[in-house]
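Pasted below: start.pdb, PDB, C-alpha atoms.
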```
ATOM      1  CA  MET A   1      82.279  84.469  90.984
ATOM      2  CA  LEU A   2      80.694  86.769  93.549
ATOM      3  CA  SER A   3      80.988  84.160  96.268
ATOM      4  CA  LEU A   4      84.637  83.614  95.355
ATOM      5  CA  LEU A   5      85.378  87.319  95.588
ATOM      6  CA  SER A   6      83.520  87.496  98.876
ATOM      7  CA  ARG A   7      85.495  84.582 100.303
ATOM      8  CA  THR A   8      88.771  86.077  99.094
ATOM      9  CA  ARG A   9      87.881  89.386 100.664
ATOM     10  CA  ARG A  10      87.178  87.724 103.998
ATOM     11  CA  GLN A  11      90.450  85.787 103.840
ATOM     12  CA  LEU A  12      92.502  88.863 103.081
ATOM     13  CA  LEU A  13      90.911  90.847 105.854
ATOM     14  CA  ALA A  14      90.879  88.087 108.442
ATOM     15  CA  LEU A  15      94.185  86.367 107.725
ATOM     16  CA  SER A  16      96.454  88.809 105.951
ATOM     17  CA  ILE A  17      95.921  92.289 107.306
ATOM     18  CA  GLY A  18      96.747  92.938 110.936
ATOM     19  CA  LEU A  19      93.861  95.159 111.859
ATOM     20  CA  GLY A  20      93.770  97.204 115.030
ATOM     21  CA  ALA A  21      91.304  96.194 117.706
ATOM     22  CA  ALA A  22      87.847  97.686 117.250
ATOM     23  CA  GLY A  23      87.919 101.360 118.041
ATOM     24  CA  ALA A  24      91.712 101.581 118.214
ATOM     25  CA  PHE A  25      91.749 103.898 115.217
ATOM     26  CA  ALA A  26      88.344 105.473 115.706
ATOM     27  CA  ALA A  27      89.780 108.923 115.078
ATOM     28  CA  ALA A  28      91.329 107.915 111.745
ATOM     29  CA  PRO A  29      89.411 108.625 108.526
ATOM     30  CA  ALA A  30      87.775 105.631 106.871
ATOM     31  CA  SER A  31      90.023 106.083 103.848
ATOM     32  CA  PRO A  32      93.322 107.873 103.296
ATOM     33  CA  SER A  33      93.730 110.457 100.568
ATOM     34  CA  ALA A  34      96.197 108.233  98.697
ATOM     35  CA  LEU A  35      97.759 104.808  98.393
ATOM     36  CA  ARG A  36     101.467 105.125  97.581
ATOM     37  CA  ILE A  37     102.742 101.929  95.965
ATOM     38  CA  GLY A  38     106.415 101.141  95.679
ATOM     39  CA  PHE A  39     107.138  98.998  92.636
ATOM     40  CA  GLN A  40     109.970  97.836  90.467
ATOM     41  CA  LYS A  41     109.579  97.999  86.720
ATOM     42  CA  SER A  42     110.512  94.319  86.693
ATOM     43  CA  ALA A  43     107.285  93.569  88.617
ATOM     44  CA  SER A  44     105.268  92.836  85.494
ATOM     45  CA  LEU A  45     101.792  92.693  87.012
ATOM     46  CA  LEU A  46     102.126  95.954  88.941
ATOM     47  CA  THR A  47     103.605  97.584  85.853
ATOM     48  CA  LEU A  48     100.532  96.455  83.908
ATOM     49  CA  GLN A  49      98.160  97.673  86.627
ATOM     50  CA  LYS A  50      99.843 101.064  86.654
ATOM     51  CA  ALA A  51      99.565 101.398  82.886
ATOM     52  CA  GLN A  52      95.954 100.238  82.727
ATOM     53  CA  GLY A  53      94.698 102.364  85.627
ATOM     54  CA  THR A  54      92.491  99.552  86.935
ATOM     55  CA  LEU A  55      93.336 100.127  90.587
ATOM     56  CA  GLU A  56      92.589 103.830  90.297
ATOM     57  CA  LYS A  57      89.088 102.984  89.100
ATOM     58  CA  ARG A  58      88.461 100.610  92.012
ATOM     59  CA  LEU A  59      89.691 103.089  94.609
ATOM     60  CA  GLN A  60      87.900 106.102  93.179
ATOM     61  CA  PRO A  61      84.639 105.403  95.126
ATOM     62  CA  LEU A  62      86.699 105.476  98.335
ATOM     63  CA  GLY A  63      88.204 108.835  97.391
ATOM     64  CA  VAL A  64      91.690 107.339  97.326
ATOM     65  CA  ALA A  65      94.235 108.394  94.712
ATOM     66  CA  VAL A  66      97.031 106.058  93.654
ATOM     67  CA  GLN A  67     100.644 107.202  93.552
ATOM     68  CA  TRP A  68     103.206 104.901  91.934
ATOM     69  CA  VAL A  69     106.810 105.225  93.120
ATOM     70  CA  GLU A  70     109.433 103.320  91.133
ATOM     71  CA  PHE A  71     112.545 101.778  92.712
ATOM     72  CA  PRO A  72     115.458  99.984  91.020
ATOM     73  CA  ALA A  73     115.300  96.953  93.350
ATOM     74  CA  GLY A  74     113.811  95.555  96.547
ATOM     75  CA  PRO A  75     116.345  96.878  99.083
ATOM     76  CA  GLN A  76     115.840 100.460  97.921
ATOM     77  CA  LEU A  77     112.075  99.966  97.948
ATOM     78  CA  LEU A  78     112.170  98.767 101.563
ATOM     79  CA  GLU A  79     114.244 101.791 102.497
ATOM     80  CA  GLY A  80     111.505 103.940 100.970
ATOM     81  CA  LEU A  81     108.896 102.108 103.032
ATOM     82  CA  ASN A  82     110.955 102.562 106.172
ATOM     83  CA  VAL A  83     111.289 106.336 105.759
ATOM     84  CA  GLY A  84     107.596 106.815 104.956
ATOM     85  CA  ALA A  85     107.911 107.494 101.228
ATOM     86  CA  ILE A  86     105.445 104.710 100.337
ATOM     87  CA  ASP A  87     102.629 102.794 102.043
ATOM     88  CA  VAL A  88     102.841  99.428 100.271
ATOM     89  CA  GLY A  89     105.576  97.623  98.375
ATOM     90  CA  PHE A  90     106.209  94.406  96.458
ATOM     91  CA  VAL A  91     109.542  92.591  96.825
ATOM     92  CA  GLY A  92     111.207  89.192  96.875
ATOM     93  CA  GLU A  93     112.096  87.045  99.862
ATOM     94  CA  ALA A  94     115.323  88.597 101.067
ATOM     95  CA  PRO A  95     114.694  92.391 101.212
ATOM     96  CA  PRO A  96     112.141  92.163 104.050
ATOM     97  CA  ILE A  97     114.633  90.187 106.114
ATOM     98  CA  PHE A  98     117.389  92.762 105.711
ATOM     99  CA  ALA A  99     114.887  95.544 106.366
ATOM    100  CA  GLN A 100     113.500  93.913 109.504
ATOM    101  CA  ALA A 101     117.022  93.406 110.812
ATOM    102  CA  ALA A 102     117.572  97.130 110.268
ATOM    103  CA  GLY A 103     114.478  97.989 112.317
ATOM    104  CA  ALA A 104     111.956  98.768 109.582
ATOM    105  CA  ASN A 105     108.345  98.876 110.783
ATOM    106  CA  PHE A 106     106.261  96.915 108.281
ATOM    107  CA  VAL A 107     103.952  93.920 108.077
ATOM    108  CA  TYR A 108     103.680  91.137 105.532
ATOM    109  CA  ILE A 109     100.219  91.486 104.021
ATOM    110  CA  GLY A 110     100.335  88.862 101.268
ATOM    111  CA  ASN A 111     102.417  86.830  98.860
ATOM    112  CA  ASP A 112     102.318  85.515  95.327
ATOM    113  CA  PRO A 113     102.778  81.765  94.719
ATOM    114  CA  ALA A 114     106.266  80.284  94.529
ATOM    115  CA  ALA A 115     108.180  80.868  91.289
ATOM    116  CA  PRO A 116     111.493  79.014  91.677
ATOM    117  CA  GLU A 117     112.299  79.050  87.954
ATOM    118  CA  ALA A 118     112.072  82.837  87.815
ATOM    119  CA  GLU A 119     115.568  83.282  89.249
ATOM    120  CA  ALA A 120     118.812  81.604  88.282
ATOM    121  CA  LEU A 121     122.578  81.531  88.400
ATOM    122  CA  VAL A 122     123.925  82.153  84.888
ATOM    123  CA  VAL A 123     127.277  82.206  83.114
ATOM    124  CA  PRO A 124     128.249  83.519  79.659
ATOM    125  CA  LYS A 125     127.449  81.114  76.819
ATOM    126  CA  ASP A 126     131.145  80.411  76.133
ATOM    127  CA  SER A 127     132.197  80.112  79.786
ATOM    128  CA  PRO A 128     134.241  77.012  80.681
ATOM    129  CA  ILE A 129     132.263  76.802  83.938
ATOM    130  CA  ARG A 130     129.832  73.893  83.716
ATOM    131  CA  SER A 131     128.718  73.438  87.313
ATOM    132  CA  VAL A 132     128.120  75.481  90.441
ATOM    133  CA  ALA A 133     131.024  73.674  92.109
ATOM    134  CA  GLU A 134     133.350  75.296  89.572
ATOM    135  CA  LEU A 135     132.497  78.739  90.923
ATOM    136  CA  LYS A 136     134.997  78.319  93.762
ATOM    137  CA  GLY A 137     137.177  81.420  93.849
ATOM    138  CA  LYS A 138     135.122  83.061  91.095
ATOM    139  CA  LYS A 139     133.381  86.435  91.023
ATOM    140  CA  VAL A 140     129.593  86.241  91.200
ATOM    141  CA  ALA A 141     127.480  89.359  90.682
ATOM    142  CA  LEU A 142     124.261  89.885  92.610
ATOM    143  CA  ASN A 143     122.119  92.619  94.072
ATOM    144  CA  LYS A 144     122.909  92.531  97.790
ATOM    145  CA  GLY A 145     119.878  91.826  99.916
ATOM    146  CA  SER A 146     117.714  90.783  96.962
ATOM    147  CA  ASN A 147     115.771  87.537  96.593
ATOM    148  CA  VAL A 148     118.603  85.880  94.658
ATOM    149  CA  HIS A 149     120.944  86.241  97.614
ATOM    150  CA  TYR A 150     119.385  83.178  99.209
ATOM    151  CA  LEU A 151     119.381  81.243  95.927
ATOM    152  CA  LEU A 152     123.135  81.764  95.709
ATOM    153  CA  VAL A 153     123.618  80.530  99.271
ATOM    154  CA  LYS A 154     121.550  77.383  98.641
ATOM    155  CA  ALA A 155     123.105  76.640  95.245
ATOM    156  CA  LEU A 156     126.592  76.837  96.717
ATOM    157  CA  GLU A 157     125.549  74.682  99.656
ATOM    158  CA  LYS A 158     124.195  71.977  97.341
ATOM    159  CA  ALA A 159     127.460  72.043  95.372
ATOM    160  CA  GLY A 160     129.492  71.572  98.556
ATOM    161  CA  LEU A 161     130.771  75.141  98.645
ATOM    162  CA  LYS A 162     130.583  77.790 101.330
ATOM    163  CA  TYR A 163     129.443  81.339 100.696
ATOM    164  CA  THR A 164     133.011  82.412 101.513
ATOM    165  CA  ASP A 165     134.331  80.199  98.692
ATOM    166  CA  ILE A 166     133.169  82.708  96.058
ATOM    167  CA  GLN A 167     133.760  86.425  95.611
ATOM    168  CA  PRO A 168     130.400  88.202  95.742
ATOM    169  CA  VAL A 169     130.267  91.384  93.676
ATOM    170  CA  PHE A 170     127.332  93.519  94.744
ATOM    171  CA  LEU A 171     125.778  95.332  91.790
ATOM    172  CA  PRO A 172     122.236  96.399  90.830
ATOM    173  CA  PRO A 173     120.807  94.585  87.786
ATOM    174  CA  ALA A 174     121.810  97.073  85.086
ATOM    175  CA  ASP A 175     125.407  97.352  86.309
ATOM    176  CA  ALA A 176     125.583  93.602  86.891
ATOM    177  CA  ARG A 177     124.557  92.835  83.335
ATOM    178  CA  ALA A 178     127.180  95.219  81.991
ATOM    179  CA  ALA A 179     129.842  93.560  84.155
ATOM    180  CA  PHE A 180     128.605  90.115  83.120
ATOM    181  CA  GLU A 181     128.718  90.864  79.402
ATOM    182  CA  ARG A 182     132.173  92.417  79.462
ATOM    183  CA  GLY A 183     133.619  89.533  81.488
ATOM    184  CA  ALA A 184     134.285  91.465  84.693
ATOM    185  CA  VAL A 185     132.450  88.758  86.672
ATOM    186  CA  ASP A 186     132.303  85.017  86.109
ATOM    187  CA  ALA A 187     128.628  84.490  86.904
ATOM    188  CA  TRP A 188     125.481  86.394  87.742
ATOM    189  CA  VAL A 189     122.546  85.413  89.914
ATOM    190  CA  ILE A 190     119.441  87.285  88.786
ATOM    191  CA  TRP A 191     115.645  87.239  88.564
ATOM    192  CA  ASP A 192     113.107  87.768  85.802
ATOM    193  CA  PRO A 193     112.640  89.642  83.553
ATOM    194  CA  PHE A 194     116.379  90.412  83.668
ATOM    195  CA  LEU A 195     117.018  86.658  83.580
ATOM    196  CA  ALA A 196     114.883  86.177  80.487
ATOM    197  CA  ALA A 197     116.565  89.171  78.839
ATOM    198  CA  VAL A 198     120.100  87.857  79.290
ATOM    199  CA  GLU A 199     118.975  84.388  78.140
ATOM    200  CA  LYS A 200     117.339  85.691  74.968
ATOM    201  CA  GLN A 201     119.708  88.526  74.123
ATOM    202  CA  SER A 202     123.091  87.204  75.279
ATOM    203  CA  ASN A 203     122.461  83.452  75.211
ATOM    204  CA  ALA A 204     123.478  83.217  78.857
ATOM    205  CA  ARG A 205     123.602  79.656  80.132
ATOM    206  CA  ILE A 206     121.782  78.643  83.304
ATOM    207  CA  LEU A 207     123.905  76.752  85.838
ATOM    208  CA  ALA A 208     121.059  76.421  88.333
ATOM    209  CA  ASP A 209     117.664  77.941  88.859
ATOM    210  CA  GLY A 210     115.633  77.907  92.055
ATOM    211  CA  LYS A 211     113.822  74.634  91.373
ATOM    212  CA  GLY A 212     114.546  72.231  94.205
ATOM    213  CA  LEU A 213     116.535  74.890  96.063
ATOM    214  CA  VAL A 214     114.252  77.787  96.959
ATOM    215  CA  SER A 215     110.579  78.676  96.707
ATOM    216  CA  ASP A 216     111.092  82.267  95.529
ATOM    217  CA  TYR A 217     107.980  83.871  96.959
ATOM    218  CA  ASN A 218     107.251  87.512  96.284
ATOM    219  CA  PHE A 219     105.718  89.488  99.136
ATOM    220  CA  TYR A 220     103.424  92.447  99.552
ATOM    221  CA  LEU A 221     104.419  94.589 102.523
ATOM    222  CA  ALA A 222     102.775  97.583 104.142
ATOM    223  CA  GLU A 223     103.675 100.178 106.698
ATOM    224  CA  ARG A 224     102.139  98.757 109.857
ATOM    225  CA  GLY A 225      99.955 101.731 110.760
ATOM    226  CA  TYR A 226      98.598 102.057 107.217
ATOM    227  CA  ALA A 227      97.575  98.389 107.103
ATOM    228  CA  GLN A 228      95.861  98.698 110.459
ATOM    229  CA  LYS A 229      93.930 101.856 109.639
ATOM    230  CA  TYR A 230      92.902 101.182 106.066
ATOM    231  CA  PRO A 231      92.071  97.486 105.514
ATOM    232  CA  LYS A 232      89.506  98.362 102.823
ATOM    233  CA  VAL A 233      92.200  99.993 100.734
ATOM    234  CA  ILE A 234      94.498  96.978 101.089
ATOM    235  CA  ALA A 235      91.649  94.592 100.248
ATOM    236  CA  THR A 236      90.799  96.645  97.159
ATOM    237  CA  LEU A 237      94.433  96.542  96.047
ATOM    238  CA  PHE A 238      94.413  92.771  96.308
ATOM    239  CA  GLU A 239      91.085  92.387  94.529
ATOM    240  CA  ASP A 240      92.456  94.324  91.582
ATOM    241  CA  THR A 241      95.760  92.447  91.674
ATOM    242  CA  GLN A 242      93.978  89.092  91.623
ATOM    243  CA  ALA A 243      91.640  90.147  88.821
ATOM    244  CA  GLN A 244      94.442  91.515  86.659
ATOM    245  CA  GLY A 245      96.594  88.479  87.412
ATOM    246  CA  ARG A 246      93.847  86.152  86.176
ATOM    247  CA  TRP A 247      93.507  88.206  83.010
ATOM    248  CA  LEU A 248      97.273  88.181  82.448
ATOM    249  CA  LYS A 249      97.590  84.406  82.748
ATOM    250  CA  THR A 250      94.726  83.812  80.297
ATOM    251  CA  HIS A 251      95.921  86.496  77.841
ATOM    252  CA  LEU A 252      99.670  86.048  78.186
ATOM    253  CA  ASP A 253     100.647  86.984  74.647
ATOM    254  CA  GLU A 254      98.492  90.099  74.738
ATOM    255  CA  ALA A 255      99.850  91.032  78.163
ATOM    256  CA  ALA A 256     103.425  90.634  76.946
ATOM    257  CA  VAL A 257     102.762  93.082  74.103
ATOM    258  CA  LEU A 258     101.413  95.638  76.600
ATOM    259  CA  ILE A 259     104.168  95.169  79.194
ATOM    260  CA  ALA A 260     107.208  94.970  76.885
ATOM    261  CA  PRO A 261     107.467  98.701  76.013
ATOM    262  CA  LEU A 262     106.871  99.630  79.650
ATOM    263  CA  GLN A 263     109.843  97.538  80.705
ATOM    264  CA  GLY A 264     111.941  98.438  77.674
ATOM    265  CA  LEU A 265     112.213  94.775  76.708
ATOM    266  CA  ASP A 266     111.440  92.643  73.683
ATOM    267  CA  VAL A 267     108.037  90.956  73.657
ATOM    268  CA  GLU A 268     109.597  87.483  73.554
ATOM    269  CA  VAL A 269     111.672  88.300  76.630
ATOM    270  CA  VAL A 270     108.606  89.411  78.557
ATOM    271  CA  LYS A 271     106.635  86.380  77.392
ATOM    272  CA  LEU A 272     109.332  84.011  78.703
ATOM    273  CA  SER A 273     109.388  85.857  82.018
ATOM    274  CA  LEU A 274     105.597  85.816  82.432
ATOM    275  CA  HIS A 275     105.486  82.052  81.879
ATOM    276  CA  ARG A 276     107.581  81.542  85.012
ATOM    277  CA  TYR A 277     105.395  83.518  87.415
ATOM    278  CA  GLN A 278     101.995  82.913  88.971
ATOM    279  CA  PHE A 279      99.942  85.980  89.865
ATOM    280  CA  ASN A 280      97.524  85.318  92.688
ATOM    281  CA  VAL A 281      98.155  87.202  95.910
ATOM    282  CA  GLN A 282      97.139  85.291  99.038
ATOM    283  CA  PRO A 283      97.493  85.749 102.789
ATOM    284  CA  VAL A 284     100.854  84.675 104.231
ATOM    285  CA  THR A 285     100.409  81.231 105.784
ATOM    286  CA  PRO A 286     102.346  79.873 108.784
ATOM    287  CA  ALA A 287     104.205  77.514 106.434
ATOM    288  CA  ILE A 288     105.387  80.368 104.214
ATOM    289  CA  ALA A 289     106.348  82.418 107.266
ATOM    290  CA  ALA A 290     108.380  79.431 108.467
ATOM    291  CA  GLU A 291     110.254  79.371 105.157
ATOM    292  CA  GLN A 292     111.035  83.061 105.590
ATOM    293  CA  GLN A 293     112.369  82.281 109.046
ATOM    294  CA  LEU A 294     114.742  79.684 107.590
ATOM    295  CA  ILE A 295     116.108  82.324 105.207
ATOM    296  CA  ALA A 296     116.507  84.815 108.051
ATOM    297  CA  ASP A 297     118.328  82.257 110.183
ATOM    298  CA  SER A 298     120.622  81.392 107.288
ATOM    299  CA  PHE A 299     121.477  85.034 106.682
ATOM    300  CA  TYR A 300     122.248  85.551 110.356
ATOM    301  CA  SER A 301     124.512  82.502 110.482
ATOM    302  CA  LEU A 302     126.411  83.919 107.492
ATOM    303  CA  LYS A 303     126.618  87.319 109.203
ATOM    304  CA  LEU A 304     124.708  88.914 106.335
ATOM    305  CA  ILE A 305     122.339  90.506 108.869
ATOM    306  CA  PRO A 306     123.596  91.932 112.185
ATOM    307  CA  LYS A 307     121.141  90.228 114.526
ATOM    308  CA  PRO A 308     118.630  87.376 114.587
ATOM    309  CA  ILE A 309     115.046  88.303 113.768
ATOM    310  CA  ARG A 310     111.638  86.699 114.212
ATOM    311  CA  ILE A 311     109.467  86.772 111.116
ATOM    312  CA  VAL A 312     106.410  86.426 113.335
ATOM    313  CA  ASP A 313     107.112  89.936 114.638
ATOM    314  CA  ALA A 314     106.393  91.300 111.152
ATOM    315  CA  LEU A 315     103.207  89.319 110.592
ATOM    316  CA  PRO A 316      99.654  90.597 111.003
ATOM    317  CA  GLY A 317      98.630  90.386 114.631
ATOM    318  CA  ALA A 318     102.133  91.090 115.950
ATOM    319  CA  ALA A 319     103.130  94.051 118.100
ATOM    320  CA  GLY A 320      99.789  94.498 119.707
ATOM    321  CA  THR A 321      97.574  94.126 116.654
ATOM    322  CA  THR A 322      94.707  91.685 116.445
ATOM    323  CA  ARG A 323      92.909  90.063 113.565
ATOM    324  CA  VAL A 324      89.374  91.036 112.842
ATOM    325  CA  ALA A 325      87.334  89.056 110.331
ATOM    326  CA  THR A 326      85.459  91.969 108.814
ATOM    327  CA  GLU A 327      84.014  91.969 105.322
ATOM    328  CA  ARG A 328      83.697  95.105 103.254
TER     329      ARG A 328
END
```
As structure tokens, what does this structure read like?
Amino acid sequence: MLSLLSRTRRQLLALSIGLGAAGAFAAAPASPSALRIGFQKSASLLTLQKAQGTLEKRLQPLGVAVQWVEFPAGPQLLEGLNVGAIDVGFVGEAPPIFAQAAGANFVYIGNDPAAPEAEALVVPKDSPIRSVAELKGKKVALNKGSNVHYLLVKALEKAGLKYTDIQPVFLPPADARAAFERGAVDAWVIWDPFLAAVEKQSNARILADGKGLVSDYNFYLAERGYAQKYPKVIATLFEDTQAQGRWLKTHLDEAAVLIAPLQGLDVEVVKLSLHRYQFNVQPVTPAIAAEQQLIADSFYSLKLIPKPIRIVDALPGAAGTTRVATER
């Protein structure tokens, strides 16, 4: 176990965090006073970590306090990162692309494994719509700039439809569910645990999930300067995230009981959601970065972002940073 943790630590430092060249931040303190984490309540593992206080215990020897800042969804979280309200955030595939196109200064520092079944396009249980192709001309609710934006694009493409063939209705999850349940929209594309909730509580019917269409990675992002100056803090965050993720997957029922009241959801809803995620943060590989680039290119071609972007510019080592294989 110790050798595994040591190897993981080296990987995260060498491959994931874009460290400054030796001496570039010599004047900076070894540790900051705080780590400000942007999270969404729907991020089950971070919600559990916050409640359990495990990260606080790991960072205490470094003299680093943890501040948790909640956001309703990824786009708002990235805005918080861009204006300096947080140091690290956890979001789906699409928000970093929209944020990078808007000029946000961040780096990808890690990702969780793919979870394509954790997002889906749903319709009410009694809807006459039986296929994605039947959504032509229909109203589809989604959170603009969220990870499901790309799922919608790919699902329509597979069904022979263009993005312009449907009427997107941009709503955050709570408002979207209300619109969905009162019939103001014909379909909703959403992620877990909101997906599990509408399945269990409203018997929503899945038209298509991400399987075979998208990977649905979730990414850890950091303000570039913070990641460069404080790699030990980032590595400690990931060590705790990996440890708690392993515990969650081997104690899923117990974890669901702990998380459910924090998310305001039924235990069975949380349990269904947890089954569809893997929790094991890893460095962003070139292959995963390439998938992000495909999403960015697709969004630009659809004029969803105002300019083309290069994902590589937001990876560790970009913009003058170098990678240093340093172990704690």
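The two atoms in question, atom CA of Pro316 of chain A and atom CA of Lys249 of chain A, are spaced 29.0 Å apart.
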Could you list the residues chosen by the PyMOL selection byres ((chain A and resi 80-85) around 8) in this structure as number ranges by chain? A: 36, 38, 76-79, 86-89, 104-106, 222-223
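Excluding Ile206 of chain A and any residue on its chain fewer than 3 positions from it, the residues at most 12 Å away by only C-alpha atoms are Glu117, Ala118, Glu119, Ala120, Leu121, Val122, Val123, Pro124, Lys125, Asp126, Ser127, Ile129, Arg130, Ser131, Val132, Ala187, Trp188, Val189, Ile190, Trp191, Leu195, Ala196, Val198, Glu199, Lys200, Ser202, Asn203, Asp209 and Gly210 of chain A.
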Identify all residues satisfying the PyMOL selection byres ((chain A and resi 61) around 12) in the given file; provide them as number ranges by chain. A: 31, 33, 55-60, 62-65, 232-233, 236
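The shortest atom-to-atom distance to Leu135 of chain A, with all atoms listed in the file taken into account, belongs to A:Tyr163 out of A:Phe180, A:Tyr163, A:Tyr150, A:Tyr108.
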Determine the residue membership of the PyMOL selection byres ((chain A and resi 272) around 10) for the file above and supply it as a ChimeraX atom specification. /A:118,192-193,195-197,199-200,252,256,267-271,273-277
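If you count only C-alpha atoms and draw a sphere of 6 Å around (115.9, 94.9, 99.3), the protein and nucleic acid residues inside it come out as A:Gly74, A:Pro75, A:Gln76, A:Leu78, A:Pro95, A:Gly145, A:Ser146.
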Find the spatial neighbours of Ile234 of chain A, counting only C-alpha atoms, within a cut-off of 9 Å - ignore same-chain residues fewer than 2 positions away - and output them as a compact mmCIF listing (two decimals) with C-alpha atoms, keeping the file's coordinate frame.
```
# COMPACT_ATOMS: atom_id res chain seq x y z
CA LEU A 12 92.50 88.86 103.08
CA LEU A 13 90.91 90.85 105.85
CA ILE A 17 95.92 92.29 107.31
CA LEU A 35 97.76 104.81 98.39
CA VAL A 88 102.84 99.43 100.27
CA ILE A 109 100.22 91.49 104.02
CA ALA A 222 102.78 97.58 104.14
CA TYR A 226 98.60 102.06 107.22
CA ALA A 227 97.58 98.39 107.10
CA TYR A 230 92.90 101.18 106.07
CA PRO A 231 92.07 97.49 105.51
CA LYS A 232 89.51 98.36 102.82
CA THR A 236 90.80 96.64 97.16
CA LEU A 237 94.43 96.54 96.05
CA PHE A 238 94.41 92.77 96.31
CA GLU A 239 91.08 92.39 94.53
```
Show me, as JSON, numbers by chain, the residues that have an atom within 10 Å of Ala102 of chain A when counting all atoms listed in the file, minus same-chain residues fewer than 3 positions from it. {"A": [79, 82, 96, 97, 98, 99, 105, 305, 306, 307, 309]}
My list of candidates is A:Leu294, A:Leu151, A:Ala260, A:Ile166. Which is closest to Pro116 of chain A when distances are computed with all atoms listed in the file? A:Leu151
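Atom pair atom CA of Ala114 of chain A / atom CA of Gly212 of chain A has a distance of 11.6 Å (rounded to one decimal).
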